[in-house]
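Colleague: Before I ask anything, let me first share the structure, which is written out below as structure tokens.
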Amino acid sequence: MTDNQIFTLINIAVMTVVMWITPLQFVPFMIWLERKGSAIIQDRIGPNRAEILGFRLFGMVHNFSDVVKLLNKENITPSHANRFFYAMAPFWSMTVSLLPLLIVPLAAPMDVFGHTVRFQAADFSVGILYILSITSMGVFAVILAGWASNNKFSLLGGIRSSAQMISYELSMGLAIVALLMVYQNAQVSSMVETQGRWLTAFGHTLPLPNWGVFLQPVAFLLFLIASFAETNRNPFDLAEGESELVAGYHIEYSSVKFALFFMAEYSNMVVASFVIATLFFGGYQVPYFSTNVLTAHPKEVLIVVCVFGFIKCVLLGYLIGLKARQQKGLYTKGVEKWEPFIFSNLFYVLAVVCLGVLVYAFTGSLAVWFGPILTALLQMGCLLVKVLFFCWLFVWIRWTLPRFRYDQLMDLGWKMLLPIGLLNLLVTGVWLLISK
């Protein structure tokens, strides 16, 4: 085995681990965002009481208490349940939620000491079909949980999920087919690379990036709606339906098994955000700046990053300090009284660091290897910003729209989304013929 093959295997192994644990690291943040986001939308404070040594971390400590609570709860298995499938369902749900990210590129390939480092675990030629096949398997966990629990409410939740899957998976597939018609490629890395170019229409170059959302806006809306249904989030959480099915398919689960279902929902949100950002919003591509441009001008890129970092840190420090002064009556003693001001000053310190790096960027010289590394970090940061936007969108929609009735969901899937998807394919085919 050559050195290049060994390096490639190590690269694949490292990226597999990174992409496997990435959704897990997002889960605590998503739970915190869900609680704080709902509080903002409902004009209330949200979680802010749990503390560790006086530090409340703006409500993040509640996540640690949730972990302790779930791990210490009694792990009950109903006597009437099918034990094997009952135990397998939550692990199946969690495993399936972690697999699609393996083919999502975090940044463009980078050359290091004569070797190519790829920020992608796997790059299949039919990568987009891999995403569809894996995500469609998630519904089996819900069906298994509902059936194996041997509970009528759980069974109804599983049946609802299976019917829901058929209605939205067709629309998601049609949205993907429309993208394939435009990009003429099913390889995810090639699709992201294509989105780094300029948008062209009838031989004219438009001042827009070649993103999927501009090429296929209807397909984007279909895929977005189907993603909400895929993750069983409001207004498509009919498999749970607390007001109708008590808790739906996971009503008989407790302790770690319930925690796995709980984590899988948020992992699915993160994965869906990654996929949407990758297919329709350029993935890691920085708008109007290709990989070659970023690599060739590291000093200018560093200056821009430091300027934006300085502005952001100053703004965040000011806003946290302002919020602390507005709510000073809530914190009257101990560390919690000074915690917001500690974090506010921490952002001001980071602003000073950005200012120092900015001065060095103007006066000093950068090493040759710094350009590719800075480019990779900037592209990862760009992808992260896009992903966080869609993560917030999932929270926003949940706390804005009410749940559909079952018949309304079927009407939406079969009478609206499916015809729109077919019409979009027809229009796309005609447009491609005319443009040629």
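Simple scheme: letters A, B, ... for chains in structure tokens order, numbers from 1 for residues in each chain, numbers from 1 for ligands in the order shown.
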For stretch 351-364 of chain A, work out the shell of residues within 6 Å, counting only C-alpha atoms and skipping chain neighbours fewer than 2 positions away, then give it as a ChimeraX atom specification.
Modeller: /A:303,306,310,313,348-349
Colleague: Residues of stretch 230-320 of chain A within 7 Å of stretch 194-211 of chain A: nearest atom pair and distance (Å, one decimal) for each, counting only C-alpha atoms, sorted by chain and number, as a tab-separated table?
Modeller:
residue	atom	partner	partner_atom	distance
A:Phe280	CA	A:Trp211	CA	5.6
A:Phe281	CA	A:Trp211	CA	5.3
A:Gly282	CA	A:Gln195	CA	5.2
A:Gln285	CA	A:Gly196	CA	5.8
A:Pro287	CA	A:Pro209	CA	6.4
A:Tyr288	CA	A:Pro209	CA	6.6
A:Ser290	CA	A:Gly196	CA	6.1
Colleague: Using only C-alpha atoms, pick whichever of A:Met269, A:Ala122, A:Leu374, A:Leu279 has the shortest atom-to-atom distance to A:Val304.
Modeller: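 Selected residue with least distance to A:Val304: A:Leu374.
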Colleague: I want to know what sits within 12 Å of A:Ser161, based on only C-alpha atoms, with residues of the same chain fewer than 4 positions away left out; could you give that as number ranges by chain?
Modeller: A: 136-147, 154-157, 165-169, 229-233, 236-241, 248-249, 406, 409-410
Colleague: Expressed in Å to a single decimal, how great is the separation between atom CA of A:Leu294 and atom CA of A:Thr375?
Modeller: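 So the answer is 5.8 Å.
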Colleague: Using DSSP assignments from the backbone, pull out every residue in stretch 81-126 of chain A that falls under strand (DSSP E) and give it to me as a CSV table (one decimal) with N, CA, C and O atoms, in the first residue's frame.
Modeller:
chain,number,residue,atom,x,y,z
A,110,MET,N,-8.1,20.3,-0.2
A,110,MET,CA,-6.9,21.2,0.1
A,110,MET,C,-5.6,20.3,-0.1
A,110,MET,O,-5.6,19.2,0.4
A,111,ASP,N,-4.6,20.9,-0.7
A,111,ASP,CA,-3.3,20.2,-0.9
A,111,ASP,C,-2.4,20.4,0.3
A,111,ASP,O,-2.2,21.6,0.7
A,112,VAL,N,-2.0,19.3,0.9
A,112,VAL,CA,-1.1,19.4,2.1
A,112,VAL,C,0.1,18.5,1.9
A,112,VAL,O,-0.1,17.3,1.8
A,115,HIS,N,-0.3,15.8,-0.7
A,115,HIS,CA,-1.5,15.0,-0.6
A,115,HIS,C,-2.7,15.9,-0.6
A,115,HIS,O,-2.7,17.0,-0.1
A,116,THR,N,-3.8,15.3,-1.1
A,116,THR,CA,-5.1,16.1,-1.1
A,116,THR,C,-6.0,15.7,0.1
A,116,THR,O,-6.3,14.5,0.2
A,117,VAL,N,-6.3,16.7,0.9
A,117,VAL,CA,-7.1,16.5,2.0
A,117,VAL,C,-8.6,16.8,1.6
A,117,VAL,O,-8.8,17.9,1.1
Colleague: Set the distance at 12 Å and use only C-alpha atoms: which residues neighbour A:Gln187 once local chain neighbours fewer than 5 positions away are removed? I'd like the list as a PyMOL selection string.
Modeller: chain A and resi 103-105+122-131+179-180+192-194+278-279
Colleague: Next, the residues of the selection above should be written as a PDB file, in the first residue's frame with C-alpha atoms.
Modeller:
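Result file part27.pdb:
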ATOM      1  CA  ILE A 103     -21.369  12.626   1.769  1.00  0.00           C
ATOM      2  CA  VAL A 104     -21.745  16.339   2.596  1.00  0.00           C
ATOM      3  CA  PRO A 105     -18.507  18.281   1.843  1.00  0.00           C
ATOM      4  CA  ALA A 122     -17.509   9.610   1.026  1.00  0.00           C
ATOM      5  CA  ASP A 123     -18.011  10.966  -2.477  1.00  0.00           C
ATOM      6  CA  PHE A 124     -20.327   8.618  -4.326  1.00  0.00           C
ATOM      7  CA  SER A 125     -21.222   9.242  -7.965  1.00  0.00           C
ATOM      8  CA  VAL A 126     -24.875   8.771  -6.944  1.00  0.00           C
ATOM      9  CA  GLY A 127     -24.554  10.674  -3.677  1.00  0.00           C
ATOM     10  CA  ILE A 128     -27.924  12.373  -3.891  1.00  0.00           C
ATOM     11  CA  LEU A 129     -29.627   8.978  -4.190  1.00  0.00           C
ATOM     12  CA  TYR A 130     -27.723   7.866  -1.089  1.00  0.00           C
ATOM     13  CA  ILE A 131     -29.295  10.745   0.847  1.00  0.00           C
ATOM     14  CA  LEU A 179     -32.072  19.418  -9.562  1.00  0.00           C
ATOM     15  CA  LEU A 180     -30.528  16.501 -11.436  1.00  0.00           C
ATOM     16  CA  VAL A 192     -21.500  22.092  -4.830  1.00  0.00           C
ATOM     17  CA  GLU A 193     -18.598  22.937  -7.134  1.00  0.00           C
ATOM     18  CA  THR A 194     -21.044  23.903  -9.895  1.00  0.00           C
ATOM     19  CA  THR A 278     -25.604  21.956   0.321  1.00  0.00           C
ATOM     20  CA  LEU A 279     -28.080  21.317  -2.483  1.00  0.00           C
TER      21      LEU A 279
END
Colleague: Counting only C-alpha atoms, what is within 10 Å of A:His297, bar same-chain residues fewer than 5 positions away, as a ChimeraX atom specification?
Modeller: /A:292,302,371-372,375
Colleague: For the selection just defined, write its residues with C-alpha atoms to a file, as a PDB file, in the first residue's frame.
Modeller:
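File written: selection_18.pdb
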ATOM      1  CA  ASN A 292      -9.238  29.895  -6.178  1.00  0.00           C
ATOM      2  CA  LEU A 302      -7.942  37.733   6.593  1.00  0.00           C
ATOM      3  CA  GLY A 371      -4.012  30.582   2.348  1.00  0.00           C
ATOM      4  CA  PRO A 372      -5.504  27.084   1.874  1.00  0.00           C
ATOM      5  CA  THR A 375      -9.932  29.198   2.840  1.00  0.00           C
TER       6      THR A 375
END
Colleague: Write down as number ranges by chain the residues belonging to stretch 230-351 of chain A that are assigned helix (DSSP H, G or I) by DSSP computed on the backbone.
Modeller: A: 230, 242-245, 248-250, 255-280, 291-296, 298-326, 328-330, 334-351
Colleague: Show which residues sit within 6 Å of stretch 13-28 of chain A, as a list in words. Count only C-alpha atoms, and ignore same-chain residues fewer than 5 positions away.
Modeller: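 Listed by chain and then number, they are Leu98, Leu101, Leu102, Ala121, Tyr266 and Ser267 of chain A.
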Colleague: As an MDAnalysis selection string, please: the residues near A:Ile31 (cut-off 10 Å, only C-alpha atoms, same-chain neighbours under 6 positions excluded).
Modeller: chainID A and resid 37 60 62:63 262:263 266 395
Colleague: Between atom CA of A:Pro235 and atom CA of A:Phe394, what is the distance in Å, rounded to a tenth?
Modeller: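 Atom CA of A:Phe394 lies 10.3 Å from atom CA of A:Pro235.
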Colleague: One decimal, Å: what's the distance from atom CA of A:Ser171 over to atom CA of A:Ile434, could you say?
Modeller: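 Result for atom CA of A:Ser171 versus atom CA of A:Ile434: 25.1 Å, one decimal.
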